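The block underneath contains the structure these notes are about, expressed in structure tokens.
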Amino acid sequence: MTALTDIKLASVHLRRSILSVPAGNTRALEKVHSLDCDGVIFDLEDSVAPEKKAEARDNLRRLFKENPLQDRETIIRINPLETEFGKADMDLVTEVSPGVVLIPKVEHMSQVQAVADILSEAGVPDSLAIWAMIETPKGVLNAPGIAPVDERLQCFVVGLNDLRKETGVLPLPGRAYLVPWLMQVVLAGRAHGVDVIDSVFNDFKDAEAFEAECAQGRAMGFSGKMLIHPAQIEPANRHFGPDPLAVEEAEAVIAAFAQPQAQHLNVINLNGKMVERLHLVEAEKLAATARIIAERKKTP
């Protein structure tokens, strides 16, 4: 495999499978260490009853202190800042410093900016990222304005349960009436270098339908999928991961542009195909992704 710099490897984030785990469920919190998902959303919002919020925060405080999750993105989904739980959730975030804070029901850029300001005022390093849930009509409509609001914002996560509820769109196979809105969010994110994660699939026992939705999401340009059950991890990793043939082609592109005669060329002939230097950037990212996946599989 062609050598890749540490910078290229560091710039790649695996986000094929993002498992949501209720922070109030201690058994589920213990289990995540053995799962092959790319990231875990430790949820303090919808999955935790109001009277259990403080206990859920304590669970996460203990987890991050005593047995932190390694080699995966750690995401804490807070309650909205305007609720009675928002401040305590952000106090926890600044204390335990996860990889990401996920803001639910984002409709305006001010919601992202408010969280970014709290992190900055607390002296939290810029490496702690912000993700935004886009799950309401206003969120979809305002996504183009939300995406560039702060450098910490790295990812949109689509939430279709709330979007369906607020619009009356039925949960039909194929999501035909939702596709225009989904693509709107993908376009807004990609225009500003923000990854976009597809929504959860609620019926985790329907493996065939889940596979079909993963394939659709990959074709639409999503980076990965938000999951609600460990059984969904393997299919998501497979569908949103790099195709082996595509990796081989990427390696060929990298090797071709590394040749001395190609150093100053913007277009080369590779096996009868004209390949532009812009394809080299894509190839390097794909190869780096494959490298990270392979290295993680070696880790016991």
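Identifiers in this document derive from the order of the structure tokens: chains are assigned A, B, ..., residues are numbered from 1 separately in each chain, and ligands are numbered from 1 in order of occurrence.
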Check which residues of range 17-91 of chain A sit at most 12 Å from range 281-295 of chain A using only C-alpha atoms, and return one row each with the closest pair of atoms and their distance in Å to one decimal, ordered by chain and rising number, as a tab-separated table.
residue	atom	partner	partner_atom	distance
A:Asp36	CA	A:Ile293	CA	10.4
A:Cys37	CA	A:Ile293	CA	11.0
A:Asp38	CA	A:Ile293	CA	9.6
A:Asp71	CA	A:Ile292	CA	10.3
A:Arg72	CA	A:Ile292	CA	11.4
Could you save the residues just selected, with C-alpha atoms, as a PDB file, in the first residue's frame?
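Once written, out_23.pdb looks like this:
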ATOM      1  CA  ASP A  36     -17.132  -2.149  16.319  1.00  0.00           C
ATOM      2  CA  CYS A  37     -18.985   1.109  15.716  1.00  0.00           C
ATOM      3  CA  ASP A  38     -17.079   4.213  14.637  1.00  0.00           C
ATOM      4  CA  ASP A  71     -10.312   4.640  19.279  1.00  0.00           C
ATOM      5  CA  ARG A  72     -13.873   5.789  18.584  1.00  0.00           C
TER       6      ARG A  72
END
* Can you tell me how far CA of Glu248 in chain A sits from CA of Arg190 in chain A, in Å to one decimal? ->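 We find that CA of Glu248 in chain A and CA of Arg190 in chain A lie 25.1 Å from each other.
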* **Atom-to-atom span, CA of Lys138 in chain A and CA of Glu107 in chain A, Å** =>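 We find that CA of Lys138 in chain A and CA of Glu107 in chain A lie 5.3 Å from each other.
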* Interatomic distance between CA of Gly139 in chain A and CA of Phe201 in chain A? ->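 Answer for the CA of Gly139 in chain A to CA of Phe201 in chain A separation: 19.9 Å.
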Could you pull out the residues in range 62-251 of chain A that DSSP calls strand (DSSP E or B) from the backbone, as a PDB file with C-alpha atoms, in the first residue's frame?
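Wrote part-v8.pdb, looks like this:
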ATOM      1  CA  GLU A  73     -15.535   9.185  18.496  1.00  0.00           C
ATOM      2  CA  THR A  74     -17.302   9.925  21.760  1.00  0.00           C
ATOM      3  CA  ILE A  75     -20.341  12.145  21.396  1.00  0.00           C
ATOM      4  CA  ILE A  76     -22.547  13.517  24.180  1.00  0.00           C
ATOM      5  CA  ARG A  77     -26.010  14.600  23.070  1.00  0.00           C
ATOM      6  CA  VAL A 100     -18.057  15.877  20.329  1.00  0.00           C
ATOM      7  CA  VAL A 101     -21.082  17.655  21.782  1.00  0.00           C
ATOM      8  CA  LEU A 102     -24.272  17.008  19.804  1.00  0.00           C
ATOM      9  CA  ILE A 103     -26.970  19.689  19.858  1.00  0.00           C
ATOM     10  CA  ALA A 129     -16.196  19.396  17.963  1.00  0.00           C
ATOM     11  CA  ILE A 130     -19.849  20.294  17.616  1.00  0.00           C
ATOM     12  CA  TRP A 131     -22.434  18.236  15.750  1.00  0.00           C
ATOM     13  CA  ALA A 132     -25.955  19.482  15.012  1.00  0.00           C
ATOM     14  CA  MET A 133     -29.154  17.452  14.776  1.00  0.00           C
ATOM     15  CA  ILE A 134     -31.247  18.594  11.806  1.00  0.00           C
ATOM     16  CA  LEU A 153     -19.127  22.371  13.616  1.00  0.00           C
ATOM     17  CA  GLN A 154     -18.074  19.154  11.880  1.00  0.00           C
ATOM     18  CA  CYS A 155     -21.220  17.165  11.274  1.00  0.00           C
ATOM     19  CA  PHE A 156     -24.977  17.241  10.707  1.00  0.00           C
ATOM     20  CA  VAL A 157     -27.069  14.324  11.980  1.00  0.00           C
ATOM     21  CA  VAL A 158     -30.472  13.966  10.354  1.00  0.00           C
ATOM     22  CA  ASP A 195     -20.139  15.589   7.207  1.00  0.00           C
ATOM     23  CA  VAL A 196     -23.754  14.399   7.214  1.00  0.00           C
ATOM     24  CA  ILE A 197     -25.026  11.312   9.083  1.00  0.00           C
ATOM     25  CA  ASP A 198     -28.227   9.600   7.945  1.00  0.00           C
ATOM     26  CA  GLY A 224     -22.665   7.069   7.723  1.00  0.00           C
ATOM     27  CA  LYS A 225     -25.760   6.228   9.711  1.00  0.00           C
ATOM     28  CA  MET A 226     -27.020   6.841  13.222  1.00  0.00           C
ATOM     29  CA  LEU A 227     -27.902   3.504  14.805  1.00  0.00           C
TER      30      LEU A 227
END
* Secondary structure check, alpha helix (DSSP H) residues of range 70-213 of chain A, as a PyMOL selection string -> chain A and resi 86-96+109-121+137-146+160-167+179-191+207-213
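Considering the residues A:Pro104, A:Gln113, A:Gln70, A:Ser97 and counting only C-alpha atoms, Pro125 in chain A has its shortest atom-to-atom contact with A:Ser97.
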* To do: Using only C-alpha atoms, find the one residue out of A:Lys165, A:Gly174, A:Phe64, A:Pro144 that sits nearest to Gly193 in chain A.
  =>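 Between A:Lys165, A:Gly174, A:Phe64, A:Pro144, the residue approaching Gly193 in chain A most closely is A:Pro144.
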* Find the spatial neighbours of Leu280 in chain A, counting only C-alpha atoms, within a cut-off of 8 Å - ignore same-chain residues fewer than 4 positions away - and output them as a VMD selection string. => chain A and resid 250 253 to 254 257 276 284
Using only N, CA, C and O atoms, please write the residues we just selected to a file, as a PDB file, in the first residue's frame.
ATOM      1  N   ALA A 250      -7.822   3.620  -6.118  1.00  0.00           N
ATOM      2  CA  ALA A 250      -7.244   4.788  -5.444  1.00  0.00           C
ATOM      3  C   ALA A 250      -5.736   4.625  -5.287  1.00  0.00           C
ATOM      4  O   ALA A 250      -4.965   5.572  -5.510  1.00  0.00           O
ATOM      5  N   VAL A 253      -4.072   5.359  -8.543  1.00  0.00           N
ATOM      6  CA  VAL A 253      -4.018   6.792  -8.821  1.00  0.00           C
ATOM      7  C   VAL A 253      -2.888   7.442  -8.034  1.00  0.00           C
ATOM      8  O   VAL A 253      -2.112   8.254  -8.567  1.00  0.00           O
ATOM      9  N   ILE A 254      -2.768   7.092  -6.749  1.00  0.00           N
ATOM     10  CA  ILE A 254      -1.710   7.661  -5.907  1.00  0.00           C
ATOM     11  C   ILE A 254      -0.332   7.293  -6.455  1.00  0.00           C
ATOM     12  O   ILE A 254       0.567   8.141  -6.556  1.00  0.00           O
ATOM     13  N   PHE A 257       0.498   9.277  -9.779  1.00  0.00           N
ATOM     14  CA  PHE A 257       0.877  10.678  -9.582  1.00  0.00           C
ATOM     15  C   PHE A 257       2.202  10.805  -8.832  1.00  0.00           C
ATOM     16  O   PHE A 257       2.818  11.868  -8.835  1.00  0.00           O
ATOM     17  N   GLU A 276      -7.568  13.380 -13.353  1.00  0.00           N
ATOM     18  CA  GLU A 276      -7.134  14.714 -12.962  1.00  0.00           C
ATOM     19  C   GLU A 276      -6.543  14.686 -11.555  1.00  0.00           C
ATOM     20  O   GLU A 276      -6.817  13.785 -10.760  1.00  0.00           O
ATOM     21  N   GLU A 284      -6.443   9.762  -2.055  1.00  0.00           N
ATOM     22  CA  GLU A 284      -5.685   9.767  -0.804  1.00  0.00           C
ATOM     23  C   GLU A 284      -6.609   9.626   0.404  1.00  0.00           C
ATOM     24  O   GLU A 284      -6.299   8.915   1.365  1.00  0.00           O
TER      25      GLU A 284
END
* Find the spatial neighbours of Pro137 in chain A, counting only C-alpha atoms, within a cut-off of 9 Å - ignore same-chain residues fewer than 4 positions away - and output them as a list in words. => Glu107, Leu141, Asn142, Leu163, Glu166, Thr167 and Trp181 of chain A
Write the residues of the selection above to a file with all heavy atoms, as a PDB file, in the first residue's frame.
ATOM      1  N   GLU A 107     -32.199  24.670  14.740  1.00  0.00           N
ATOM      2  CA  GLU A 107     -32.986  25.380  13.731  1.00  0.00           C
ATOM      3  C   GLU A 107     -32.346  26.692  13.304  1.00  0.00           C
ATOM      4  O   GLU A 107     -32.671  27.221  12.236  1.00  0.00           O
ATOM      5  CB  GLU A 107     -34.393  25.665  14.259  1.00  0.00           C
ATOM      6  CG  GLU A 107     -35.205  24.418  14.553  1.00  0.00           C
ATOM      7  CD  GLU A 107     -36.626  24.729  14.979  1.00  0.00           C
ATOM      8  OE1 GLU A 107     -36.859  25.822  15.539  1.00  0.00           O
ATOM      9  OE2 GLU A 107     -37.509  23.886  14.754  1.00  0.00           O
ATOM     10  N   LEU A 141     -34.597  23.874   6.339  1.00  0.00           N
ATOM     11  CA  LEU A 141     -34.588  25.106   5.553  1.00  0.00           C
ATOM     12  C   LEU A 141     -33.379  25.979   5.870  1.00  0.00           C
ATOM     13  O   LEU A 141     -32.846  26.652   4.980  1.00  0.00           O
ATOM     14  CB  LEU A 141     -35.876  25.888   5.817  1.00  0.00           C
ATOM     15  CG  LEU A 141     -37.171  25.301   5.245  1.00  0.00           C
ATOM     16  CD1 LEU A 141     -38.377  26.104   5.718  1.00  0.00           C
ATOM     17  CD2 LEU A 141     -37.126  25.269   3.719  1.00  0.00           C
ATOM     18  N   ASN A 142     -32.934  25.969   7.115  1.00  0.00           N
ATOM     19  CA  ASN A 142     -31.836  26.842   7.533  1.00  0.00           C
ATOM     20  C   ASN A 142     -30.470  26.170   7.529  1.00  0.00           C
ATOM     21  O   ASN A 142     -29.466  26.787   7.897  1.00  0.00           O
ATOM     22  CB  ASN A 142     -32.116  27.395   8.938  1.00  0.00           C
ATOM     23  CG  ASN A 142     -33.313  28.330   8.971  1.00  0.00           C
ATOM     24  OD1 ASN A 142     -33.629  28.975   7.962  1.00  0.00           O
ATOM     25  ND2 ASN A 142     -33.992  28.402  10.102  1.00  0.00           N
ATOM     26  N   LEU A 163     -38.871  14.974  12.252  1.00  0.00           N
ATOM     27  CA  LEU A 163     -39.231  15.632  10.998  1.00  0.00           C
ATOM     28  C   LEU A 163     -40.541  15.064  10.442  1.00  0.00           C
ATOM     29  O   LEU A 163     -41.394  15.813   9.954  1.00  0.00           O
ATOM     30  CB  LEU A 163     -38.111  15.467   9.981  1.00  0.00           C
ATOM     31  CG  LEU A 163     -38.227  16.279   8.686  1.00  0.00           C
ATOM     32  CD1 LEU A 163     -38.284  17.773   8.984  1.00  0.00           C
ATOM     33  CD2 LEU A 163     -37.055  15.972   7.755  1.00  0.00           C
ATOM     34  N   GLU A 166     -43.477  16.399  12.547  1.00  0.00           N
ATOM     35  CA  GLU A 166     -43.839  17.800  12.336  1.00  0.00           C
ATOM     36  C   GLU A 166     -44.389  18.073  10.942  1.00  0.00           C
ATOM     37  O   GLU A 166     -45.017  19.108  10.717  1.00  0.00           O
ATOM     38  CB  GLU A 166     -42.629  18.698  12.603  1.00  0.00           C
ATOM     39  CG  GLU A 166     -42.226  18.714  14.074  1.00  0.00           C
ATOM     40  CD  GLU A 166     -41.370  19.918  14.412  1.00  0.00           C
ATOM     41  OE1 GLU A 166     -41.395  20.906  13.652  1.00  0.00           O
ATOM     42  OE2 GLU A 166     -40.680  19.865  15.448  1.00  0.00           O
ATOM     43  N   THR A 167     -44.125  17.181  10.000  1.00  0.00           N
ATOM     44  CA  THR A 167     -44.588  17.410   8.626  1.00  0.00           C
ATOM     45  C   THR A 167     -45.742  16.507   8.220  1.00  0.00           C
ATOM     46  O   THR A 167     -46.418  16.781   7.222  1.00  0.00           O
ATOM     47  CB  THR A 167     -43.443  17.192   7.620  1.00  0.00           C
ATOM     48  OG1 THR A 167     -42.963  15.841   7.732  1.00  0.00           O
ATOM     49  CG2 THR A 167     -42.308  18.169   7.876  1.00  0.00           C
ATOM     50  N   TRP A 181     -35.632  16.624   0.929  1.00  0.00           N
ATOM     51  CA  TRP A 181     -35.156  17.310   2.135  1.00  0.00           C
ATOM     52  C   TRP A 181     -33.820  16.742   2.590  1.00  0.00           C
ATOM     53  O   TRP A 181     -32.938  17.491   3.019  1.00  0.00           O
ATOM     54  CB  TRP A 181     -36.191  17.182   3.264  1.00  0.00           C
ATOM     55  CG  TRP A 181     -37.545  17.733   2.900  1.00  0.00           C
ATOM     56  CD1 TRP A 181     -37.813  18.644   1.909  1.00  0.00           C
ATOM     57  CD2 TRP A 181     -38.789  17.403   3.503  1.00  0.00           C
ATOM     58  NE1 TRP A 181     -39.160  18.906   1.871  1.00  0.00           N
ATOM     59  CE2 TRP A 181     -39.785  18.161   2.829  1.00  0.00           C
ATOM     60  CE3 TRP A 181     -39.179  16.550   4.525  1.00  0.00           C
ATOM     61  CZ2 TRP A 181     -41.130  18.087   3.173  1.00  0.00           C
ATOM     62  CZ3 TRP A 181     -40.517  16.477   4.874  1.00  0.00           C
ATOM     63  CH2 TRP A 181     -41.480  17.235   4.207  1.00  0.00           C
TER      64      TRP A 181
END
Applying 9 Å and only C-alpha atoms, which residues near Asn266 in chain A remain after dropping the ones on its own chain fewer than 6 positions away? List them as a CSV table (one decimal) with N, CA, C and O atoms, in the first residue's frame.
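Saved as result_1.csv:
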chain,number,residue,atom,x,y,z
A,275,VAL,N,-7.2,11.0,-15.8
A,275,VAL,CA,-7.3,11.2,-14.4
A,275,VAL,C,-6.8,12.5,-14.0
A,275,VAL,O,-5.6,12.8,-14.3
A,276,GLU,N,-7.6,13.4,-13.4
A,276,GLU,CA,-7.1,14.7,-13.0
A,276,GLU,C,-6.5,14.7,-11.6
A,276,GLU,O,-6.8,13.8,-10.8
A,277,ARG,N,-5.7,15.7,-11.3
A,277,ARG,CA,-5.1,15.8,-9.9
A,277,ARG,C,-6.1,15.9,-8.8
A,277,ARG,O,-5.9,15.5,-7.7
A,278,LEU,N,-7.3,16.5,-9.1
A,278,LEU,CA,-8.3,16.5,-8.1
A,278,LEU,C,-8.8,15.1,-7.6
A,278,LEU,O,-9.2,14.9,-6.5
* Asked: Do you know which residues are at most 9 Å from Ser127 in chain A counting only C-alpha atoms, after dropping those on the same chain fewer than 3 positions away, and could you put them as a list in words?
  -> Gly99, Val100, Val124 and Arg152 of chain A
* **Shell around His192 in chain A at 9 Å using only C-alpha atoms, local window under 4 positions removed, as a list in words** =>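 My list of contacting residues is Pro144, Ala147, Pro148, Leu187 and Ala188 of chain A.
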